[in-house]
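Source file: my_file19.txt (compact mmCIF, C-alpha atoms)
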```
# COMPACT_ATOMS: atom_id res chain seq x y z
CA MET U 25 68.14 101.89 86.75
CA ALA U 26 68.82 98.53 88.39
CA ILE U 27 72.18 96.92 87.68
CA ASP U 28 72.06 93.17 87.39
CA GLY U 29 74.56 90.75 88.90
CA PRO U 30 76.68 90.09 85.78
CA THR U 31 76.97 93.82 85.08
CA THR U 32 78.10 94.46 88.64
CA ARG U 33 80.68 91.71 88.32
CA ARG U 34 82.01 93.28 85.11
CA LEU U 35 82.28 96.67 86.78
CA VAL U 36 84.14 95.14 89.71
CA ALA U 37 86.41 93.11 87.41
CA VAL U 38 87.35 96.12 85.29
CA GLY U 39 87.90 98.20 88.42
CA ALA U 40 90.15 95.49 89.82
CA LEU U 41 92.11 95.30 86.56
CA VAL U 42 92.59 99.07 86.52
CA CYS U 43 93.90 98.90 90.11
CA LEU U 44 96.17 96.01 89.10
CA GLY U 45 97.49 98.05 86.20
CA LEU U 46 98.22 101.03 88.44
CA MET U 47 99.96 98.78 90.95
CA ALA U 48 102.02 97.34 88.11
CA GLY U 49 102.95 100.91 87.17
CA VAL U 50 104.11 101.57 90.72
CA TYR U 51 106.13 98.36 90.86
CA TYR U 52 107.64 98.85 87.40
CA GLY U 53 108.45 102.48 88.15
CA GLY U 54 110.36 101.49 91.25
CA GLN U 55 112.47 98.80 89.62
CA PRO U 56 116.18 99.60 89.64
CA PRO U 57 118.17 99.18 86.44
CA ASP U 58 119.84 95.83 85.80
CA PRO U 59 122.63 95.99 83.20
CA SER U 60 123.05 92.20 83.34
CA LEU U 61 119.54 91.92 81.83
CA GLY U 62 120.14 94.62 79.23
CA ALA U 63 118.35 97.29 81.29
CA PRO U 64 121.04 99.90 81.97
CA PRO U 65 120.69 103.07 84.04
CA SER U 66 119.10 106.02 82.25
CA SER U 67 118.75 109.73 82.82
CA ASP U 68 116.29 108.95 85.65
CA GLU U 69 119.10 107.42 87.69
CA LEU U 70 121.57 110.17 86.77
CA ILE U 71 119.12 112.84 87.92
CA ALA U 72 118.56 111.03 91.22
CA ASN U 73 122.25 110.42 92.00
CA TYR U 74 124.76 111.26 89.26
CA GLY U 75 127.86 110.43 91.28
CA ALA U 76 126.71 106.87 91.98
CA TYR U 77 126.96 105.99 88.28
CA LEU U 78 130.42 107.34 87.44
CA ASP U 79 132.30 105.04 85.05
CA GLN U 80 129.16 102.94 84.50
CA ALA U 81 127.38 102.25 81.24
CA VAL U 82 124.22 104.28 80.69
CA VAL U 83 121.66 105.04 77.97
CA VAL U 84 120.35 108.59 77.78
CA THR U 85 117.93 110.34 75.43
CA GLY U 86 117.20 113.99 75.00
CA ALA U 87 116.79 116.97 72.72
CA VAL U 88 119.94 118.67 71.42
CA THR U 89 120.15 122.08 73.07
CA ASP U 90 123.71 123.00 72.08
CA THR U 91 126.07 121.71 69.42
CA ASP U 92 129.36 123.11 70.75
CA PRO U 93 129.87 121.38 73.04
CA LEU U 94 127.23 118.86 72.07
CA THR U 95 124.67 118.99 74.83
CA ILE U 96 121.32 117.29 75.26
CA THR U 97 118.63 117.93 77.83
CA ALA U 98 117.38 114.59 79.07
CA THR U 99 114.05 114.35 80.87
CA SER U 100 113.13 111.79 83.51
CA GLN U 101 109.80 110.02 83.64
CA TYR U 102 108.83 112.54 86.35
CA GLY U 103 109.63 115.55 84.17
CA GLU U 104 112.93 116.47 85.84
CA THR U 105 115.73 117.45 83.48
CA ILE U 106 119.49 117.18 83.29
CA ASP U 107 121.89 118.70 80.77
CA LEU U 108 124.46 116.21 79.54
CA ARG U 109 127.48 116.84 77.37
CA LEU U 110 128.10 114.05 74.88
CA GLN U 111 131.61 113.22 73.69
CA HIS U 112 132.71 111.14 70.68
CA VAL U 113 129.41 111.52 68.80
CA GLY U 114 130.11 110.78 65.15
CA VAL U 115 126.90 112.14 63.60
CA GLN U 116 125.99 115.65 62.51
CA VAL U 117 123.27 117.08 64.70
CA MET U 118 121.29 120.29 64.86
CA GLY U 119 119.44 121.96 67.66
CA GLY U 120 116.06 120.28 68.10
CA ASP U 121 117.22 116.83 67.00
CA TYR U 122 116.73 113.99 69.46
CA LEU U 123 119.74 111.89 70.38
CA SER U 124 119.81 108.57 72.17
CA ALA U 125 123.29 107.63 73.32
CA SER U 126 124.85 104.70 75.09
CA GLY U 127 128.13 105.41 76.79
CA THR U 128 130.06 105.75 80.02
CA VAL U 129 129.31 108.29 82.72
CA ARG U 130 132.15 110.75 83.27
CA PRO U 131 132.41 113.62 85.80
CA ASN U 132 130.78 117.01 85.22
CA ASN U 133 127.63 115.77 83.47
CA THR U 134 129.61 114.27 80.61
CA ILE U 135 128.87 111.04 78.76
CA ALA U 136 131.60 109.37 76.68
CA ALA U 137 129.31 108.01 73.98
CA THR U 138 130.02 104.69 72.27
CA ASN U 139 126.93 104.64 70.06
CA THR U 140 124.21 107.11 69.18
CA VAL U 141 120.90 107.12 67.36
CA LYS U 142 119.62 110.39 65.97
CA LYS U 143 116.00 111.32 65.36
CA PRO U 144 115.71 114.54 63.36
CA GLY U 145 113.60 117.14 65.10
CA SER U 146 111.66 117.68 61.90
CA THR U 147 110.08 114.21 62.22
CA TYR U 148 108.45 114.92 65.58
CA TRP U 149 105.19 116.35 64.27
CA ARG U 150 105.02 113.88 61.41
CA THR U 151 105.13 111.00 63.87
CA ARG U 152 102.47 112.63 66.05
CA LEU U 153 100.18 113.23 63.05
CA LEU U 154 100.56 109.65 61.82
CA SER U 155 99.69 108.36 65.28
CA LEU U 156 96.66 110.66 65.43
CA LEU U 157 95.56 109.35 62.03
CA ALA U 158 95.94 105.78 63.27
CA GLY U 159 93.80 106.54 66.29
CA LEU U 160 91.09 108.07 64.15
CA ILE U 161 91.10 105.10 61.75
CA VAL U 162 90.76 102.61 64.58
CA LEU U 163 88.06 104.71 66.24
CA GLY U 164 86.18 104.81 62.95
CA VAL U 165 86.25 101.06 62.33
CA ALA U 166 85.44 100.38 65.98
CA LEU U 167 82.35 102.59 65.79
CA ARG U 168 81.40 100.92 62.51
CA HIS U 169 81.51 97.37 63.82
CA TRP U 170 81.05 97.56 67.59
CA GLN U 171 78.79 99.14 70.17
CA PHE U 172 79.21 99.84 73.86
CA ASP U 173 76.17 99.15 76.02
CA LEU U 174 76.59 101.47 78.98
CA GLN U 175 73.68 100.00 80.93
CA ARG U 176 75.10 96.50 80.79
CA PHE U 177 78.72 97.68 80.70
CA GLU U 178 79.65 95.48 77.80
CA VAL U 179 80.74 95.71 74.19
CA ARG U 180 79.26 93.64 71.42
CA PRO U 181 79.42 93.57 67.64
CA LYS U 182 76.73 95.40 65.71
CA ASP U 183 74.25 93.23 63.84
CA GLU U 184 75.01 95.25 60.72
CA PRO U 185 78.14 97.36 60.27
CA LEU U 186 77.46 101.06 60.07
CA ARG U 187 77.51 102.28 56.46
CA ILE U 188 77.71 105.74 54.97
CA SER U 189 74.32 105.13 53.32
CA THR U 190 72.78 104.32 56.70
CA LEU U 191 74.10 107.57 58.16
CA HIS U 192 72.80 109.47 55.14
CA SER U 193 69.29 107.97 55.32
CA GLY U 194 69.23 108.59 59.08
CA GLY U 195 69.80 112.29 58.36
CA ASP U 196 66.93 112.35 55.85
CA ASP U 197 64.48 110.99 58.42
CA GLY U 198 65.22 113.92 60.72
CA MET C 5 108.89 102.32 68.46
CA ALA C 6 107.43 102.68 65.00
CA ASP C 7 104.61 105.16 64.50
CA LEU C 8 101.16 103.94 65.45
CA LEU C 9 99.84 103.91 61.90
CA THR C 10 102.49 101.34 60.95
CA HIS C 11 101.39 99.09 63.81
CA VAL C 12 97.70 99.40 62.91
CA LEU C 13 98.34 98.61 59.25
CA ILE C 14 100.43 95.56 60.17
CA GLY C 15 97.59 94.35 62.40
CA TYR C 16 95.07 94.90 59.60
CA ALA C 17 97.24 93.04 57.08
CA ALA C 18 97.84 90.05 59.37
CA ALA C 19 94.16 89.72 60.29
CA THR C 20 92.99 90.11 56.70
CA LEU C 21 95.40 87.44 55.47
CA LEU C 22 94.27 85.11 58.26
CA SER C 23 90.68 85.60 57.14
CA ARG C 24 91.48 83.48 54.08
CA ARG C 25 91.92 80.57 56.47
CA TYR C 26 89.32 81.56 59.08
CA LYS C 27 86.14 82.61 57.34
CA TRP C 28 84.65 84.03 60.52
CA LEU C 29 87.41 86.68 60.61
CA THR C 30 85.27 89.40 59.07
CA GLY C 31 85.78 93.15 59.36
CA THR C 32 84.23 93.03 62.82
CA TRP C 33 87.08 90.87 64.08
CA VAL C 34 89.84 92.50 62.04
CA THR C 35 88.86 95.61 64.01
CA ILE C 36 89.77 93.84 67.26
CA VAL C 37 93.25 93.05 65.95
CA MET C 38 93.68 96.72 64.98
CA ILE C 39 92.59 97.78 68.48
CA GLY C 40 95.10 95.30 69.91
CA ALA C 41 97.80 96.96 67.82
CA LEU C 42 97.05 100.23 69.66
CA LEU C 43 97.25 98.86 73.20
CA PRO C 44 101.02 99.02 73.85
CA ASP C 45 100.91 102.72 73.01
CA LEU C 46 98.34 103.45 75.71
CA ASP C 47 101.30 104.81 77.68
CA HIS C 48 100.57 108.05 75.81
CA VAL C 49 97.94 108.59 78.50
CA SER C 50 100.93 110.23 80.20
CA MET C 51 100.09 113.32 78.13
CA ILE C 52 96.87 113.60 80.15
CA VAL C 53 98.12 112.42 83.55
CA SER C 54 101.90 112.29 83.74
CA ALA C 55 103.89 109.82 85.81
CA GLY C 56 105.30 112.82 87.65
CA GLU C 57 101.85 113.98 88.76
CA ILE C 58 101.05 110.52 90.12
CA HIS C 59 104.46 110.30 91.78
CA ARG C 60 104.06 113.68 93.48
CA ALA C 61 100.42 113.10 94.46
CA LEU C 62 100.86 109.62 95.91
CA GLY C 63 104.52 109.69 96.92
CA VAL C 64 105.24 106.41 95.11
CA PRO C 65 107.36 105.61 92.07
CA PHE C 66 105.33 105.21 88.90
CA SER C 67 105.90 104.62 85.20
CA TRP C 68 103.39 104.46 82.34
CA THR C 69 106.02 102.49 80.38
CA VAL C 70 104.62 99.43 82.12
CA LEU C 71 101.90 99.49 79.46
CA GLN C 72 104.57 98.58 76.88
CA THR C 73 105.54 95.41 78.74
CA GLY C 74 103.91 92.01 78.32
CA GLY C 75 102.33 92.31 81.76
CA GLY C 76 100.90 95.76 81.14
CA VAL C 77 99.53 94.70 77.77
CA LEU C 78 97.94 91.64 79.37
CA VAL C 79 96.04 93.82 81.84
CA THR C 80 94.65 96.04 79.07
CA ILE C 81 93.68 92.98 77.02
CA LEU C 82 91.87 91.50 80.02
CA VAL C 83 89.80 94.70 80.34
CA GLY C 84 88.65 94.26 76.75
CA THR C 85 88.04 90.57 77.30
CA VAL C 86 85.85 91.21 80.34
CA LEU C 87 83.75 93.71 78.38
CA ALA C 88 83.23 91.41 75.37
CA VAL C 89 80.75 89.19 77.18
CA GLU C 90 79.71 86.86 74.35
CA HIS C 91 83.06 86.51 72.53
CA ARG C 92 85.72 86.45 75.20
CA ARG C 93 88.06 83.82 73.80
CA ARG C 94 88.01 85.30 70.33
CA VAL C 95 88.54 88.86 71.56
CA PHE C 96 91.35 87.75 73.88
CA ALA C 97 93.18 85.95 71.07
CA LEU C 98 92.74 88.72 68.52
CA LEU C 99 93.78 91.51 70.90
CA TRP C 100 96.91 89.47 71.64
CA LEU C 101 97.60 89.09 67.94
CA GLY C 102 97.50 92.85 67.39
CA ALA C 103 99.42 93.71 70.55
CA GLY C 104 101.97 90.94 70.00
CA LEU C 105 102.73 92.18 66.49
CA HIS C 106 103.17 95.69 67.91
CA LEU C 107 105.60 94.52 70.60
CA PHE C 108 107.53 92.43 68.07
CA ALA C 109 107.85 95.39 65.69
CA ASP C 110 109.12 97.55 68.55
CA VAL C 111 111.86 95.04 69.35
CA LEU C 112 113.22 95.58 65.84
CA VAL C 113 113.82 99.33 66.33
CA ARG C 114 117.41 100.56 66.33
CA VAL C 115 118.59 101.65 69.80
CA PRO C 116 122.05 102.82 70.89
CA ASP C 117 122.81 99.95 73.25
CA GLY C 118 121.32 97.27 71.01
CA ARG C 119 118.75 96.18 73.62
CA SER C 120 115.03 96.78 73.21
CA GLN C 121 112.31 96.85 75.89
CA SER C 122 111.35 94.70 78.86
CA VAL C 123 108.63 92.97 76.84
CA PHE C 124 108.58 89.92 79.14
CA TRP C 125 108.02 91.90 82.35
CA PRO C 126 106.94 90.94 85.03
CA LEU C 127 108.41 87.51 84.28
CA THR C 128 111.79 89.16 83.79
CA GLN C 129 113.25 92.62 83.27
CA TYR C 130 115.35 91.14 80.46
CA GLN C 131 115.56 93.34 77.38
CA PRO C 132 116.13 91.22 74.25
CA PRO C 133 118.76 92.23 71.71
CA SER C 134 117.48 94.40 68.92
CA PRO C 135 118.58 93.79 65.31
CA GLY C 136 118.23 97.54 64.76
CA LEU C 137 116.23 97.17 61.59
CA TYR C 138 114.90 100.72 61.44
CA LEU C 139 114.69 104.01 63.28
CA SER C 140 111.40 104.91 64.88
CA THR C 141 111.24 107.91 62.55
CA ASP C 142 111.99 106.02 59.32
CA LEU C 143 109.19 106.17 56.75
CA TRP C 144 109.94 102.93 54.94
CA PRO C 145 108.35 100.66 57.59
CA LEU C 146 105.12 102.63 57.10
CA LEU C 147 105.37 102.17 53.34
CA VAL C 148 105.94 98.43 53.76
CA ALA C 149 103.00 98.17 56.19
CA ALA C 150 100.76 100.13 53.82
CA ALA C 151 101.76 97.87 50.93
CA LEU C 152 101.02 94.77 53.02
CA ALA C 153 97.67 96.22 54.06
CA PHE C 154 96.71 97.05 50.50
CA GLY C 155 97.96 93.71 49.22
CA SER C 156 96.01 91.78 51.82
CA TRP C 157 92.87 93.81 51.14
CA TYR C 158 93.20 93.16 47.42
CA ALA C 159 93.99 89.46 47.80
CA VAL C 160 91.20 88.77 50.25
CA ARG C 161 88.46 91.38 50.44
CA TYR C 162 88.42 92.77 46.92
CA ARG C 163 88.70 89.39 45.27
CA SER C 164 85.95 87.91 47.43
CA LEU C 165 83.71 90.90 46.64
CA THR C 166 84.28 90.49 42.92
CA GLY C 167 83.95 86.71 43.04
CA GLN C 168 87.52 85.98 41.97
```
If you took the structure in this file and wrote it as structure tokens, what would it be?
Amino acid sequence: MAIDGPTTRRLVAVGALVCLGLMAGVYYGGQPPDPSLGAPPSSDELIANYGAYLDQAVVVTGAVTDTDPLTITATSQYGETIDLRLQHVGVQVMGGDYLSASGTVRPNNTIAATNTVKKPGSTYWRTRLLSLLAGLIVLGVALRHWQFDLQRFEVRPKDEPLRISTLHSGGDDG
Amino acid sequence: MADLLTHVLIGYAAATLLSRRYKWLTGTWVTIVMIGALLPDLDHVSMIVSAGEIHRALGVPFSWTVLQTGGGVLVTILVGTVLAVEHRRRVFALLWLGAGLHLFADVLVRVPDGRSQSVFWPLTQYQPPSPGLYLSTDLWPLLVAAALAFGSWYAVRYRSLTGQ
């Protein structure tokens, strides 16, 4: 199968964009926090060097693993974890809830929280299911209205949207 | 961030309402807006290849969260634009509409420090203030989005089908 010039250019362009995206991921991943721009340190920074952030403002998120003392396990973007005790949290929490807290870093893996947002653990699967449903809906309408030409490496709208009746009659011909 | 279904329904509603003004905005093109609404959540590819795996394999810092910034979204939109050979301007604009509505809705989510995401990156790391309108796990935004989607469908598609 010969690939024509425009198709080659599209392949190269998409490849270049994917590389650009990955490079952006590297650059973004290496950016230090900047509290002056509203981007405070997070659990990633605490895991890397906890002592460097003592008495600084931080935002951490994690699953509640103990309620007395209130403790969350925060996970970095690389999958490393840190257990953090949260003080001055004014909401009722249960094990399995997710807490996001802004506060000040204190010694011994303790955060003096000034504000918290709780996400009940029971909503985790509901959110995942709703997102899966959204993906299926978009996939369905995309297949109905668009087609991907692998040979020419392009997408274009279908001349006629796919209909249930078309699928049904297609089965009868078989 | 709100759940993905909320974002997709908001995209559908906005595109369907716009189709009253732009007659060419048929279901084919509403689909593009809905796809655009998905793009900022492509960072969920981390469930297949995690940032940690890339970091350990290549020895460089890495974050999939870049796909939730304006710059990351632009790259994904450009991929779609390149592939849509005969309708590039339209696809580019409609993907931006869907993705832009998604990013805007995410800025409204309640966060503990009152600052949202770096949506303007790479221009700036600045995180705009969030009005804290809802929690990412609240159901009412989904109900509002569903009502908007149904209302727009009724006002535009159903009434045009029945000649009203």
Chain C near chain U within 7 Å: what's each residue's closest atom pair and its distance in Å to one decimal, counting only C-alpha atoms, ordered by chain then ascending residue number, as JSON lines?
```
{"residue": "C:Asp7", "atom": "CA", "partner": "U:Thr151", "partner_atom": "CA", "distance": 5.9}
{"residue": "C:Leu8", "atom": "CA", "partner": "U:Ser155", "partner_atom": "CA", "distance": 4.7}
{"residue": "C:Leu9", "atom": "CA", "partner": "U:Ala158", "partner_atom": "CA", "distance": 4.5}
{"residue": "C:Val12", "atom": "CA", "partner": "U:Ala158", "partner_atom": "CA", "distance": 6.6}
{"residue": "C:Thr32", "atom": "CA", "partner": "U:His169", "partner_atom": "CA", "distance": 5.2}
{"residue": "C:Thr35", "atom": "CA", "partner": "U:Ala166", "partner_atom": "CA", "distance": 6.2}
{"residue": "C:Met38", "atom": "CA", "partner": "U:Val162", "partner_atom": "CA", "distance": 6.6}
{"residue": "C:Ile39", "atom": "CA", "partner": "U:Val162", "partner_atom": "CA", "distance": 6.5}
{"residue": "C:Ala55", "atom": "CA", "partner": "U:Tyr102", "partner_atom": "CA", "distance": 5.7}
{"residue": "C:Gly56", "atom": "CA", "partner": "U:Tyr102", "partner_atom": "CA", "distance": 3.8}
{"residue": "C:Val64", "atom": "CA", "partner": "U:Val50", "partner_atom": "CA", "distance": 6.6}
{"residue": "C:Pro65", "atom": "CA", "partner": "U:Gly53", "partner_atom": "CA", "distance": 5.1}
{"residue": "C:Phe66", "atom": "CA", "partner": "U:Gly53", "partner_atom": "CA", "distance": 4.2}
{"residue": "C:Ser67", "atom": "CA", "partner": "U:Gly53", "partner_atom": "CA", "distance": 4.4}
{"residue": "C:Trp68", "atom": "CA", "partner": "U:Gly49", "partner_atom": "CA", "distance": 6.0}
{"residue": "C:Val70", "atom": "CA", "partner": "U:Gly49", "partner_atom": "CA", "distance": 5.5}
{"residue": "C:Gly76", "atom": "CA", "partner": "U:Gly45", "partner_atom": "CA", "distance": 6.5}
{"residue": "C:Val79", "atom": "CA", "partner": "U:Gly45", "partner_atom": "CA", "distance": 6.2}
{"residue": "C:Val83", "atom": "CA", "partner": "U:Val38", "partner_atom": "CA", "distance": 5.7}
{"residue": "C:Val86", "atom": "CA", "partner": "U:Arg34", "partner_atom": "CA", "distance": 6.5}
{"residue": "C:Leu87", "atom": "CA", "partner": "U:Glu178", "partner_atom": "CA", "distance": 4.5}
{"residue": "C:Ala88", "atom": "CA", "partner": "U:Val179", "partner_atom": "CA", "distance": 5.1}
{"residue": "C:Val89", "atom": "CA", "partner": "U:Glu178", "partner_atom": "CA", "distance": 6.4}
{"residue": "C:Val115", "atom": "CA", "partner": "U:Val141", "partner_atom": "CA", "distance": 6.4}
{"residue": "C:Pro116", "atom": "CA", "partner": "U:Thr140", "partner_atom": "CA", "distance": 5.1}
{"residue": "C:Asp117", "atom": "CA", "partner": "U:Ser126", "partner_atom": "CA", "distance": 5.5}
{"residue": "C:Arg119", "atom": "CA", "partner": "U:Gly62", "partner_atom": "CA", "distance": 6.0}
{"residue": "C:Gln129", "atom": "CA", "partner": "U:Leu61", "partner_atom": "CA", "distance": 6.5}
{"residue": "C:Tyr130", "atom": "CA", "partner": "U:Leu61", "partner_atom": "CA", "distance": 4.5}
{"residue": "C:Gln131", "atom": "CA", "partner": "U:Gly62", "partner_atom": "CA", "distance": 5.1}
{"residue": "C:Thr141", "atom": "CA", "partner": "U:Thr147", "partner_atom": "CA", "distance": 6.4}
```
How about saving the chosen residues, C-alpha atoms kept, as a compact mmCIF listing (two decimals), in the frame of the given file?
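File produced: part_26.txt:
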```txt
# COMPACT_ATOMS: atom_id res chain seq x y z
CA ASP C 7 104.61 105.16 64.50
CA LEU C 8 101.16 103.94 65.45
CA LEU C 9 99.84 103.91 61.90
CA VAL C 12 97.70 99.40 62.91
CA THR C 32 84.23 93.03 62.82
CA THR C 35 88.86 95.61 64.01
CA MET C 38 93.68 96.72 64.98
CA ILE C 39 92.59 97.78 68.48
CA ALA C 55 103.89 109.82 85.81
CA GLY C 56 105.30 112.82 87.65
CA VAL C 64 105.24 106.41 95.11
CA PRO C 65 107.36 105.61 92.07
CA PHE C 66 105.33 105.21 88.90
CA SER C 67 105.90 104.62 85.20
CA TRP C 68 103.39 104.46 82.34
CA VAL C 70 104.62 99.43 82.12
CA GLY C 76 100.90 95.76 81.14
CA VAL C 79 96.04 93.82 81.84
CA VAL C 83 89.80 94.70 80.34
CA VAL C 86 85.85 91.21 80.34
CA LEU C 87 83.75 93.71 78.38
CA ALA C 88 83.23 91.41 75.37
CA VAL C 89 80.75 89.19 77.18
CA VAL C 115 118.59 101.65 69.80
CA PRO C 116 122.05 102.82 70.89
CA ASP C 117 122.81 99.95 73.25
CA ARG C 119 118.75 96.18 73.62
CA GLN C 129 113.25 92.62 83.27
CA TYR C 130 115.35 91.14 80.46
CA GLN C 131 115.56 93.34 77.38
CA THR C 141 111.24 107.91 62.55
```
Item to complete: Quick one: everything within 7 Å of Leu139 (chain C), counting all atoms listed in the file, minus sequence neighbours fewer than 2 positions away in the same chain. Send it as a ChimeraX atom specification.
Response: /C:113-114,141-142
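CA of Leu112 (chain C) to CA of Ser134 (chain C) spans 5.4 Å [interatomic distance, one decimal].
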Discussion item. Need to verify the contact set: Lys27 (chain C), 12 Å, all atoms listed in the file, exclusion of same-chain residues closer than 6 positions in sequence. Can you return it as a PyMOL selection string?
Written reply: chain C and resi 19-21+33-34+160-161+164
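Near Thr85 (chain C), within 7 Å and counting all atoms listed in the file, sit Arg92, Val95 and Phe96 of chain C, not including residues fewer than 6 positions from it in the same chain.
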Worksheet item: What's the 9 Å shell around region 86-97 of chain U, counting all atoms listed in the file, without same-chain residues fewer than 4 positions away, as an NGL selection string?
Response: :U and (105-111 or 113 or 117-125 or 134 or 145)
Worksheet item: Got a sec: who's within 6 Å of Val129 (chain U), counting only C-alpha atoms, leaving out chain neighbours fewer than 2 positions off, as a ChimeraX atom specification?
Response: /U:78-80,135
Worksheet item: Nearest to Leu146 (chain C) among C:Thr10, C:Thr30, C:Ser122, C:Thr69, with distances taken over only C-alpha atoms: which residue is it?
Response: C:Thr10
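The two atoms in question, CA of Gln171 (chain U) and CA of Ser156 (chain C), are spaced 26.2 Å apart.
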Discussion item. Between CA of Ala153 (chain C) and CA of Leu13 (chain C), what is the distance in Å, rounded to a tenth?
Written reply: 5.8 Å
Determine, using all atoms listed in the file, which residues of region 83-157 of chain C have any atom at most 9 Å from an atom of region 71-75 of chain C, and tabulate each with its shortest atom pair and distance in Å to one decimal place, rows ordered by chain and then rising number, as JSON lines.
```
{"residue": "C:Gly104", "atom": "CA", "partner": "C:Gly74", "partner_atom": "CA", "distance": 8.6}
{"residue": "C:Leu107", "atom": "CA", "partner": "C:Gln72", "partner_atom": "CA", "distance": 7.5}
{"residue": "C:Gln121", "atom": "CA", "partner": "C:Thr73", "partner_atom": "CA", "distance": 7.5}
{"residue": "C:Ser122", "atom": "CA", "partner": "C:Thr73", "partner_atom": "CA", "distance": 5.9}
{"residue": "C:Val123", "atom": "CA", "partner": "C:Thr73", "partner_atom": "CA", "distance": 4.4}
{"residue": "C:Phe124", "atom": "CA", "partner": "C:Gly74", "partner_atom": "CA", "distance": 5.2}
{"residue": "C:Trp125", "atom": "CA", "partner": "C:Thr73", "partner_atom": "CA", "distance": 5.6}
{"residue": "C:Pro126", "atom": "CA", "partner": "C:Gly75", "partner_atom": "CA", "distance": 5.8}
{"residue": "C:Leu127", "atom": "CA", "partner": "C:Gly75", "partner_atom": "CA", "distance": 8.1}
```
Quick one: 3 Å padding each side, axis-aligned, all listed atoms of region 101-111 of chain U - centre and edge lengths in Å to one decimal, as JSON?
```
{"center_x": 120.2, "center_y": 114.4, "center_z": 80.0, "size_x": 28.8, "size_y": 14.7, "size_z": 18.7}
```
Is it possible to add N, CA, C and O atoms to region 127-139 of chain C and hand it back as a JSON list (two decimals), in the coordinates of the input?
```json
[["chain", "number", "residue", "atom", "x", "y", "z"],
["C", 127, "LEU", "N", 107.66, 88.76, 84.16],
["C", 127, "LEU", "CA", 108.41, 87.51, 84.28],
["C", 127, "LEU", "C", 109.89, 87.79, 84.46],
["C", 127, "LEU", "O", 110.58, 87.13, 85.24],
["C", 128, "THR", "N", 110.39, 88.78, 83.70],
["C", 128, "THR", "CA", 111.79, 89.16, 83.79],
["C", 128, "THR", "C", 111.93, 90.57, 83.24],
["C", 128, "THR", "O", 111.17, 90.99, 82.38],
["C", 129, "GLN", "N", 112.96, 91.28, 83.75],
["C", 129, "GLN", "CA", 113.25, 92.62, 83.27],
["C", 129, "GLN", "C", 114.10, 92.57, 81.99],
["C", 129, "GLN", "O", 114.40, 93.61, 81.40],
["C", 130, "TYR", "N", 114.46, 91.37, 81.60],
["C", 130, "TYR", "CA", 115.35, 91.14, 80.46],
["C", 130, "TYR", "C", 114.89, 91.92, 79.23],
["C", 130, "TYR", "O", 113.73, 91.88, 78.86],
["C", 131, "GLN", "N", 115.83, 92.61, 78.61],
["C", 131, "GLN", "CA", 115.56, 93.34, 77.38],
["C", 131, "GLN", "C", 116.27, 92.61, 76.24],
["C", 131, "GLN", "O", 117.49, 92.57, 76.19],
["C", 132, "PRO", "N", 115.50, 92.01, 75.33],
["C", 132, "PRO", "CA", 116.13, 91.22, 74.25],
["C", 132, "PRO", "C", 116.97, 92.09, 73.33],
["C", 132, "PRO", "O", 116.71, 93.30, 73.19],
["C", 133, "PRO", "N", 117.95, 91.48, 72.68],
["C", 133, "PRO", "CA", 118.76, 92.23, 71.71],
["C", 133, "PRO", "C", 117.89, 92.70, 70.54],
["C", 133, "PRO", "O", 116.95, 92.02, 70.15],
["C", 134, "SER", "N", 118.22, 93.86, 70.05],
["C", 134, "SER", "CA", 117.48, 94.40, 68.92],
["C", 134, "SER", "C", 118.34, 94.30, 67.67],
["C", 134, "SER", "O", 119.51, 94.68, 67.70],
["C", 135, "PRO", "N", 117.80, 93.82, 66.55],
["C", 135, "PRO", "CA", 118.58, 93.79, 65.31],
["C", 135, "PRO", "C", 118.75, 95.17, 64.69],
["C", 135, "PRO", "O", 119.49, 95.33, 63.73],
["C", 136, "GLY", "N", 118.05, 96.18, 65.25],
["C", 136, "GLY", "CA", 118.23, 97.54, 64.76],
["C", 136, "GLY", "C", 117.83, 97.71, 63.32],
["C", 136, "GLY", "O", 118.54, 98.32, 62.53],
["C", 137, "LEU", "N", 116.66, 97.18, 62.99],
["C", 137, "LEU", "CA", 116.23, 97.17, 61.59],
["C", 137, "LEU", "C", 115.89, 98.56, 61.06],
["C", 137, "LEU", "O", 116.13, 98.87, 59.89],
["C", 138, "TYR", "N", 115.32, 99.41, 61.91],
["C", 138, "TYR", "CA", 114.90, 100.72, 61.44],
["C", 138, "TYR", "C", 114.86, 101.69, 62.62],
["C", 138, "TYR", "O", 114.80, 101.28, 63.77],
["C", 139, "LEU", "N", 114.89, 102.97, 62.29],
["C", 139, "LEU", "CA", 114.69, 104.01, 63.28],
["C", 139, "LEU", "C", 113.19, 104.22, 63.46],
["C", 139, "LEU", "O", 112.42, 104.01, 62.53]]
```
